[in-house]
file protein_14.cif (mmCIF, C-alpha atoms)
data_run
loop_
_atom_site.group_PDB
_atom_site.id
_atom_site.type_symbol
_atom_site.label_atom_id
_atom_site.label_comp_id
_atom_site.auth_asym_id
_atom_site.auth_seq_id
_atom_site.Cartn_x
_atom_site.Cartn_y
_atom_site.Cartn_z
ATOM 1 C CA MET X 1 -1.891 -37.797 17.841
ATOM 2 C CA ARG X 2 -4.591 -35.184 18.345
ATOM 3 C CA SER X 3 -7.357 -37.590 19.252
ATOM 4 C CA ALA X 4 -9.523 -38.385 22.257
ATOM 5 C CA THR X 5 -12.267 -40.663 23.479
ATOM 6 C CA ILE X 6 -14.703 -39.469 26.113
ATOM 7 C CA THR X 7 -17.386 -41.501 27.838
ATOM 8 C CA ARG X 8 -20.100 -39.907 29.915
ATOM 9 C CA LYS X 9 -22.853 -41.659 31.851
ATOM 10 C CA THR X 10 -25.635 -40.009 33.812
ATOM 11 C CA ALA X 11 -29.138 -40.991 34.847
ATOM 12 C CA GLU X 12 -30.322 -39.376 31.598
ATOM 13 C CA THR X 13 -27.726 -40.289 28.973
ATOM 14 C CA GLU X 14 -24.916 -42.685 28.126
ATOM 15 C CA ILE X 15 -22.422 -41.289 25.626
ATOM 16 C CA SER X 16 -19.209 -42.304 23.898
ATOM 17 C CA VAL X 17 -17.393 -39.821 21.647
ATOM 18 C CA THR X 18 -14.191 -40.390 19.664
ATOM 19 C CA LEU X 19 -12.507 -37.535 17.788
ATOM 20 C CA ASP X 20 -9.449 -37.374 15.543
ATOM 21 C CA LEU X 21 -8.649 -33.740 14.795
ATOM 22 C CA ASP X 22 -6.309 -34.721 11.955
ATOM 23 C CA GLY X 23 -8.858 -36.842 10.132
ATOM 24 C CA SER X 24 -10.535 -36.499 6.762
ATOM 25 C CA GLY X 25 -14.106 -35.843 7.869
ATOM 26 C CA GLN X 26 -15.218 -39.445 8.357
ATOM 27 C CA TYR X 27 -18.200 -39.837 10.675
ATOM 28 C CA ASP X 28 -20.459 -42.397 12.288
ATOM 29 C CA ASN X 29 -22.909 -40.589 14.541
ATOM 30 C CA GLN X 30 -25.853 -42.324 16.177
ATOM 31 C CA THR X 31 -27.808 -40.415 18.810
ATOM 32 C CA GLY X 32 -31.330 -41.630 18.092
ATOM 33 C CA VAL X 33 -32.227 -38.131 16.859
ATOM 34 C CA GLY X 34 -32.146 -38.071 13.064
ATOM 35 C CA PHE X 35 -31.819 -34.345 12.450
ATOM 36 C CA PHE X 36 -29.132 -34.036 15.134
ATOM 37 C CA ASP X 37 -27.145 -36.898 13.581
ATOM 38 C CA HIS X 38 -27.343 -35.041 10.259
ATOM 39 C CA MET X 39 -25.957 -31.875 11.905
ATOM 40 C CA LEU X 40 -23.125 -33.790 13.614
ATOM 41 C CA ASP X 41 -22.261 -35.343 10.256
ATOM 42 C CA GLN X 42 -21.956 -31.818 8.810
ATOM 43 C CA LEU X 43 -19.743 -30.744 11.702
ATOM 44 C CA ALA X 44 -17.354 -33.655 11.163
ATOM 45 C CA ARG X 45 -17.300 -33.483 7.370
ATOM 46 C CA HIS X 46 -16.665 -29.766 7.055
ATOM 47 C CA ALA X 47 -14.191 -29.512 9.960
ATOM 48 C CA LEU X 48 -12.278 -32.540 8.587
ATOM 49 C CA ILE X 49 -12.557 -34.170 12.006
ATOM 50 C CA ASP X 50 -13.121 -37.917 12.189
ATOM 51 C CA MET X 51 -15.991 -38.366 14.631
ATOM 52 C CA THR X 52 -17.841 -41.285 16.134
ATOM 53 C CA VAL X 53 -20.714 -40.576 18.509
ATOM 54 C CA ARG X 54 -22.895 -43.080 20.313
ATOM 55 C CA THR X 55 -25.582 -41.584 22.522
ATOM 56 C CA LYS X 56 -28.391 -43.382 24.324
ATOM 57 C CA GLY X 57 -30.658 -40.817 25.925
ATOM 58 C CA ASP X 58 -34.037 -40.513 27.562
ATOM 59 C CA LEU X 59 -35.823 -39.871 24.272
ATOM 60 C CA HIS X 60 -39.101 -41.004 25.810
ATOM 61 C CA ILE X 61 -39.036 -37.575 27.503
ATOM 62 C CA ASP X 62 -37.567 -35.489 24.664
ATOM 63 C CA ALA X 63 -34.239 -34.909 22.920
ATOM 64 C CA HIS X 64 -32.973 -32.169 25.250
ATOM 65 C CA HIS X 65 -30.635 -34.260 27.413
ATOM 66 C CA THR X 66 -29.395 -36.223 24.407
ATOM 67 C CA VAL X 67 -28.403 -33.086 22.498
ATOM 68 C CA GLU X 68 -27.003 -31.105 25.419
ATOM 69 C CA ASP X 69 -24.995 -33.982 26.895
ATOM 70 C CA THR X 70 -23.584 -34.882 23.475
ATOM 71 C CA GLY X 71 -22.412 -31.264 23.215
ATOM 72 C CA ILE X 72 -20.748 -31.587 26.625
ATOM 73 C CA ALA X 73 -18.938 -34.793 25.628
ATOM 74 C CA LEU X 74 -17.852 -33.408 22.246
ATOM 75 C CA GLY X 75 -16.489 -30.270 23.901
ATOM 76 C CA GLN X 76 -14.574 -32.362 26.431
ATOM 77 C CA ALA X 77 -13.164 -34.562 23.659
ATOM 78 C CA LEU X 78 -12.071 -31.509 21.660
ATOM 79 C CA ALA X 79 -10.321 -29.985 24.676
ATOM 80 C CA GLN X 80 -8.563 -33.249 25.481
ATOM 81 C CA ALA X 81 -7.468 -33.831 21.875
ATOM 82 C CA LEU X 82 -6.027 -30.307 21.657
ATOM 83 C CA GLY X 83 -3.795 -30.778 24.683
ATOM 84 C CA ASP X 84 -1.711 -27.635 25.262
ATOM 85 C CA LYS X 85 -2.760 -26.276 21.825
ATOM 86 C CA ARG X 86 0.826 -25.925 20.707
ATOM 87 C CA GLY X 87 1.130 -24.955 17.049
ATOM 88 C CA ILE X 88 -2.546 -24.310 16.254
ATOM 89 C CA LYS X 89 -3.759 -21.204 14.462
ATOM 90 C CA ARG X 90 -6.281 -20.765 17.317
ATOM 91 C CA TYR X 91 -8.707 -18.451 15.492
ATOM 92 C CA GLY X 92 -11.184 -19.255 12.764
ATOM 93 C CA ALA X 93 -13.997 -17.499 10.951
ATOM 94 C CA CYS X 94 -16.479 -18.302 8.215
ATOM 95 C CA ALA X 95 -19.480 -16.683 6.557
ATOM 96 C CA LEU X 96 -21.432 -19.707 5.347
ATOM 97 C CA PRO X 97 -24.245 -19.429 2.784
ATOM 98 C CA MET X 98 -26.885 -22.116 2.404
ATOM 99 C CA ASP X 99 -29.697 -21.203 0.034
ATOM 100 C CA ASP X 100 -31.696 -18.448 1.806
ATOM 101 C CA ALA X 101 -29.531 -18.562 4.935
ATOM 102 C CA GLN X 102 -26.161 -17.069 5.751
ATOM 103 C CA VAL X 103 -24.516 -17.533 9.129
ATOM 104 C CA ARG X 104 -21.248 -15.980 10.256
ATOM 105 C CA CYS X 105 -19.051 -17.730 12.816
ATOM 106 C CA ALA X 106 -15.961 -16.373 14.529
ATOM 107 C CA LEU X 107 -14.267 -18.502 17.152
ATOM 108 C CA ASP X 108 -11.224 -18.608 19.381
ATOM 109 C CA LEU X 109 -9.907 -21.809 20.979
ATOM 110 C CA SER X 110 -8.985 -19.648 23.936
ATOM 111 C CA GLY X 111 -9.886 -21.859 26.873
ATOM 112 C CA ARG X 112 -12.319 -19.079 27.861
ATOM 113 C CA PRO X 113 -15.802 -20.273 26.949
ATOM 114 C CA PHE X 114 -18.301 -17.685 25.817
ATOM 115 C CA LEU X 115 -21.241 -17.951 23.438
ATOM 116 C CA ILE X 116 -22.730 -15.047 21.497
ATOM 117 C CA TRP X 117 -25.940 -16.305 19.862
ATOM 118 C CA ASN X 118 -27.595 -14.059 17.295
ATOM 119 C CA ILE X 119 -29.491 -16.825 15.515
ATOM 120 C CA THR X 120 -33.259 -16.847 15.041
ATOM 121 C CA LEU X 121 -34.942 -20.066 14.004
ATOM 122 C CA PRO X 122 -38.444 -19.050 12.891
ATOM 123 C CA THR X 123 -40.144 -22.376 13.630
ATOM 124 C CA GLN X 124 -40.307 -24.269 16.920
ATOM 125 C CA LYS X 125 -39.651 -27.561 15.162
ATOM 126 C CA ILE X 126 -37.460 -28.801 12.332
ATOM 127 C CA GLY X 127 -39.326 -31.991 11.542
ATOM 128 C CA ASP X 128 -39.717 -33.433 15.038
ATOM 129 C CA PHE X 129 -36.559 -31.723 16.351
ATOM 130 C CA ASP X 130 -36.971 -28.837 18.826
ATOM 131 C CA SER X 131 -35.291 -25.818 17.208
ATOM 132 C CA GLU X 132 -34.147 -24.402 20.565
ATOM 133 C CA LEU X 133 -31.828 -27.401 20.959
ATOM 134 C CA VAL X 134 -29.450 -25.990 18.345
ATOM 135 C CA ARG X 135 -28.471 -23.283 20.828
ATOM 136 C CA GLU X 136 -28.340 -25.792 23.689
ATOM 137 C CA PHE X 137 -25.830 -27.872 21.739
ATOM 138 C CA PHE X 138 -23.526 -24.957 20.989
ATOM 139 C CA GLN X 139 -23.758 -23.656 24.564
ATOM 140 C CA ALA X 140 -22.608 -27.049 25.883
ATOM 141 C CA PHE X 141 -19.975 -27.513 23.163
ATOM 142 C CA SER X 142 -18.419 -24.069 23.638
ATOM 143 C CA THR X 143 -18.483 -24.285 27.444
ATOM 144 C CA HIS X 144 -16.841 -27.697 27.681
ATOM 145 C CA GLY X 145 -14.535 -27.151 24.699
ATOM 146 C CA GLY X 146 -13.246 -23.844 26.059
ATOM 147 C CA ILE X 147 -14.339 -21.992 22.921
ATOM 148 C CA THR X 148 -15.181 -18.324 22.539
ATOM 149 C CA LEU X 149 -17.912 -18.756 19.919
ATOM 150 C CA HIS X 150 -19.729 -15.928 18.152
ATOM 151 C CA LEU X 151 -22.616 -16.831 15.836
ATOM 152 C CA ASP X 152 -24.527 -14.249 13.827
ATOM 153 C CA GLN X 153 -27.318 -14.856 11.363
ATOM 154 C CA ILE X 154 -26.977 -12.506 8.408
ATOM 155 C CA HIS X 155 -30.269 -13.618 6.884
ATOM 156 C CA GLY X 156 -32.488 -16.633 6.333
ATOM 157 C CA PHE X 157 -36.092 -17.754 6.637
ATOM 158 C CA ASN X 158 -35.918 -21.566 6.524
ATOM 159 C CA SER X 159 -35.153 -23.086 9.932
ATOM 160 C CA HIS X 160 -33.477 -26.184 8.494
ATOM 161 C CA HIS X 161 -31.182 -24.064 6.321
ATOM 162 C CA ILE X 162 -30.331 -21.683 9.172
ATOM 163 C CA ALA X 163 -29.506 -24.535 11.554
ATOM 164 C CA GLU X 164 -27.422 -26.364 8.978
ATOM 165 C CA ALA X 165 -25.584 -23.186 7.988
ATOM 166 C CA THR X 166 -24.795 -22.686 11.676
ATOM 167 C CA PHE X 167 -23.242 -26.139 12.056
ATOM 168 C CA LYS X 168 -21.320 -25.789 8.793
ATOM 169 C CA ALA X 169 -20.045 -22.307 9.659
ATOM 170 C CA VAL X 170 -18.743 -23.576 13.001
ATOM 171 C CA ALA X 171 -17.159 -26.541 11.234
ATOM 172 C CA ARG X 172 -15.305 -24.418 8.703
ATOM 173 C CA ALA X 173 -14.127 -21.942 11.331
ATOM 174 C CA LEU X 174 -13.040 -24.807 13.580
ATOM 175 C CA ARG X 175 -11.136 -26.388 10.691
ATOM 176 C CA ASP X 176 -9.102 -23.201 10.270
ATOM 177 C CA ALA X 177 -8.473 -22.766 14.010
ATOM 178 C CA LEU X 178 -7.267 -26.368 14.388
ATOM 179 C CA GLU X 179 -4.751 -26.132 11.543
ATOM 180 C CA THR X 180 -1.059 -26.033 12.344
ATOM 181 C CA ASP X 181 0.499 -22.617 11.908
ATOM 182 C CA PRO X 182 3.552 -23.318 9.712
ATOM 183 C CA ARG X 183 5.314 -20.219 11.078
ATOM 184 C CA LYS X 184 4.819 -21.152 14.754
ATOM 185 C CA ALA X 185 4.301 -24.920 14.858
ATOM 186 C CA ASP X 186 6.275 -25.228 18.099
ATOM 187 C CA ALA X 187 4.603 -22.425 20.072
ATOM 188 C CA VAL X 188 1.417 -21.944 22.039
ATOM 189 C CA PRO X 189 -0.425 -19.081 20.279
ATOM 190 C CA SER X 190 -0.649 -16.712 23.235
ATOM 191 C CA THR X 191 1.532 -14.026 24.765
ATOM 192 C CA LYS X 192 0.766 -15.714 28.114
ATOM 193 C CA GLY X 193 2.489 -18.909 26.935
ATOM 194 C CA VAL X 194 -0.562 -21.010 27.842
ATOM 195 C CA LEU X 195 -4.136 -21.359 26.629
#
call {"tool": "encode", "arguments": {"input": "protein_14.cif", "output": "structure tokens"}}
result
Amino acid sequence: MRSATITRKTAETEISVTLDLDGSGQYDNQTGVGFFDHMLDQLARHALIDMTVRTKGDLHIDAHHTVEDTGIALGQALAQALGDKRGIKRYGACALPMDDAQVRCALDLSGRPFLIWNITLPTQKIGDFDSELVREFFQAFSTHGGITLHLDQIHGFNSHHIAEATFKAVARALRDALETDPRKADAVPSTKGVL
């Protein structure tokens, strides 16, 4: 079973995350931040990961801690669910179009976190959501998930479309990387023997 539940409690947030990497894209995400919930739903649906997120954060301040700490917990849950990563394809890539926007994602479930962020959101807000929090989420997710994550915006002018294309591109690339390699289902995909 490639699944995990992570709980995280700080003075700023209280989070519970459950992931099933072999799911069908079912989701139930409640963070108190509507746009962020919508993005997490996209991540689950297009990665075919079953995901339940419950976050209570200090939204009376802003959504920063809620978004960042949810990214931390999701990354930790992903790493735990993957275990020794035996049999996975490890790499994934996707060029995802959404109306005016196209975002390219390439990722490696390497255990070596690194984020390349070539995304420009032209507005400071998407509704009442701070646009800069999209990067904060992926920084936390890649760091705590052990993901080398490269994100490049090919084009786009609508912030909502660019952000959503980013989440969907990561989801589709993640879906590919998580798949079992039928030719090496019993091996860790590394010449080192560990990831």
call {"tool": "residues_near_point", "arguments": {"input": "protein_14.cif", "point": "(-21.7, -24.4, 8.9)", "cutoff": "9 Å", "atoms": "all atoms listed in the file", "output": "list in words"}}
result
Gln42, Leu43, His46, Cys94, Ala95, Leu96, Pro97, Met98, Val103, Arg104, Cys105, Ala163, Glu164, Ala165, Thr166, Phe167, Lys168, Ala169, Val170, Ala171, Arg172 and Ala173 of chain X
call {"tool": "residues_near_point", "arguments": {"input": "protein_14.cif", "point": "(-12.0, -20.0, 30.1)", "cutoff": "9 Å", "atoms": "all atoms listed in the file", "output": "mmCIF file with C-alpha atoms, in the frame of the given file"}}
result
data_model
loop_
_atom_site.group_PDB
_atom_site.id
_atom_site.type_symbol
_atom_site.label_atom_id
_atom_site.label_comp_id
_atom_site.auth_asym_id
_atom_site.auth_seq_id
_atom_site.Cartn_x
_atom_site.Cartn_y
_atom_site.Cartn_z
ATOM 1 C CA SER X 110 -8.985 -19.648 23.936
ATOM 2 C CA GLY X 111 -9.886 -21.859 26.873
ATOM 3 C CA ARG X 112 -12.319 -19.079 27.861
ATOM 4 C CA PRO X 113 -15.802 -20.273 26.949
ATOM 5 C CA PHE X 114 -18.301 -17.685 25.817
ATOM 6 C CA THR X 143 -18.483 -24.285 27.444
ATOM 7 C CA GLY X 146 -13.246 -23.844 26.059
ATOM 8 C CA ILE X 147 -14.339 -21.992 22.921
ATOM 9 C CA THR X 148 -15.181 -18.324 22.539
ATOM 10 C CA LEU X 195 -4.136 -21.359 26.629
#
call {"tool": "atom_distance", "arguments": {"input": "protein_14.cif", "atom1": "atom CA of X:Leu78", "atom2": "atom CA of X:Val188"}}
result
16.5 Å
call {"tool": "atom_distance", "arguments": {"input": "protein_14.cif", "atom1": "atom CA of X:Arg86", "atom2": "atom CA of X:Asp28"}}
result
28.2 Å
call {"tool": "resolve_selection", "arguments": {"input": "protein_14.cif", "expression": "the PyMOL selection byres ((chain X and resi 141) around 12)", "output": "ChimeraX atom specification"}}
result
/X:40,43,67-79,109,113-115,134-140,142-149,167,170
call {"tool": "write_last_selection", "arguments": {"input": "protein_14.cif", "atoms": "C-alpha atoms", "output": "compact mmCIF listing (two decimals), in the frame of the given file"}}
result
# COMPACT_ATOMS: atom_id res chain seq x y z
CA LEU X 40 -23.12 -33.79 13.61
CA LEU X 43 -19.74 -30.74 11.70
CA VAL X 67 -28.40 -33.09 22.50
CA GLU X 68 -27.00 -31.10 25.42
CA ASP X 69 -25.00 -33.98 26.90
CA THR X 70 -23.58 -34.88 23.48
CA GLY X 71 -22.41 -31.26 23.22
CA ILE X 72 -20.75 -31.59 26.62
CA ALA X 73 -18.94 -34.79 25.63
CA LEU X 74 -17.85 -33.41 22.25
CA GLY X 75 -16.49 -30.27 23.90
CA GLN X 76 -14.57 -32.36 26.43
CA ALA X 77 -13.16 -34.56 23.66
CA LEU X 78 -12.07 -31.51 21.66
CA ALA X 79 -10.32 -29.98 24.68
CA LEU X 109 -9.91 -21.81 20.98
CA PRO X 113 -15.80 -20.27 26.95
CA PHE X 114 -18.30 -17.68 25.82
CA LEU X 115 -21.24 -17.95 23.44
CA VAL X 134 -29.45 -25.99 18.34
CA ARG X 135 -28.47 -23.28 20.83
CA GLU X 136 -28.34 -25.79 23.69
CA PHE X 137 -25.83 -27.87 21.74
CA PHE X 138 -23.53 -24.96 20.99
CA GLN X 139 -23.76 -23.66 24.56
CA ALA X 140 -22.61 -27.05 25.88
CA SER X 142 -18.42 -24.07 23.64
CA THR X 143 -18.48 -24.28 27.44
CA HIS X 144 -16.84 -27.70 27.68
CA GLY X 145 -14.54 -27.15 24.70
CA GLY X 146 -13.25 -23.84 26.06
CA ILE X 147 -14.34 -21.99 22.92
CA THR X 148 -15.18 -18.32 22.54
CA LEU X 149 -17.91 -18.76 19.92
CA PHE X 167 -23.24 -26.14 12.06
CA VAL X 170 -18.74 -23.58 13.00
call {"tool": "atom_distance", "arguments": {"input": "protein_14.cif", "atom1": "atom CA of X:Leu133", "atom2": "atom CA of X:Asp37"}}
result
12.9 Å
call {"tool": "closest_residue", "arguments": {"input": "protein_14.cif", "among": "X:Asp100, X:His161, X:Asp152, X:Lys89", "to": "X:Pro182", "atoms": "all atoms listed in the file"}}
result
X:Lys89
call {"tool": "residues_around", "arguments": {"input": "protein_14.cif", "residues": "X:Thr5", "least_positions_apart": "6", "cutoff": "7 Å", "atoms": "all atoms listed in the file", "output": "number ranges by chain"}}
result
X: 17-19, 77
call {"tool": "closest_residue", "arguments": {"input": "protein_14.cif", "among": "X:Asp99, X:Leu107, X:Leu21, X:Thr120", "to": "X:Arg45", "atoms": "all atoms listed in the file"}}
result
X:Leu21
call {"tool": "resolve_selection", "arguments": {"input": "protein_14.cif", "expression": "the PyMOL selection byres ((chain X and resi 119) around 7)", "output": "list of chain:residue names"}}
result
X:Trp117, X:Asn118, X:Thr120, X:Leu121, X:Leu151, X:Asp152, X:Gln153
call {"tool": "resolve_selection", "arguments": {"input": "protein_14.cif", "expression": "the PyMOL selection byres ((chain X and resi 8-15) around 7)", "output": "list in words"}}
result
Ile6, Thr7, Ser16, Val17, Arg54, Thr55, Lys56, Gly57, Asp58, His65, Thr66, Thr70 and Ala73 of chain X
call {"tool": "closest_residue", "arguments": {"input": "protein_14.cif", "among": "X:Val33, X:Ala63, X:Leu82, X:Ala44", "to": "X:Leu178", "atoms": "all atoms listed in the file"}}
result
X:Leu82
call {"tool": "closest_residue", "arguments": {"input": "protein_14.cif", "among": "X:Ser131, X:Asn29, X:Ser24, X:Ser159", "to": "X:Asp41", "atoms": "all atoms listed in the file"}}
result
X:Asn29
call {"tool": "axis_aligned_box", "arguments": {"input": "protein_14.cif", "around": "stretch 7-23 of chain X", "padding_each_side": "6 Å", "output": "AutoDock Vina command-line options"}}
result
--center_x -18.3 --center_y -38.2 --center_z 22.5 --size_x 36.0 --size_y 20.9 --size_z 36.7
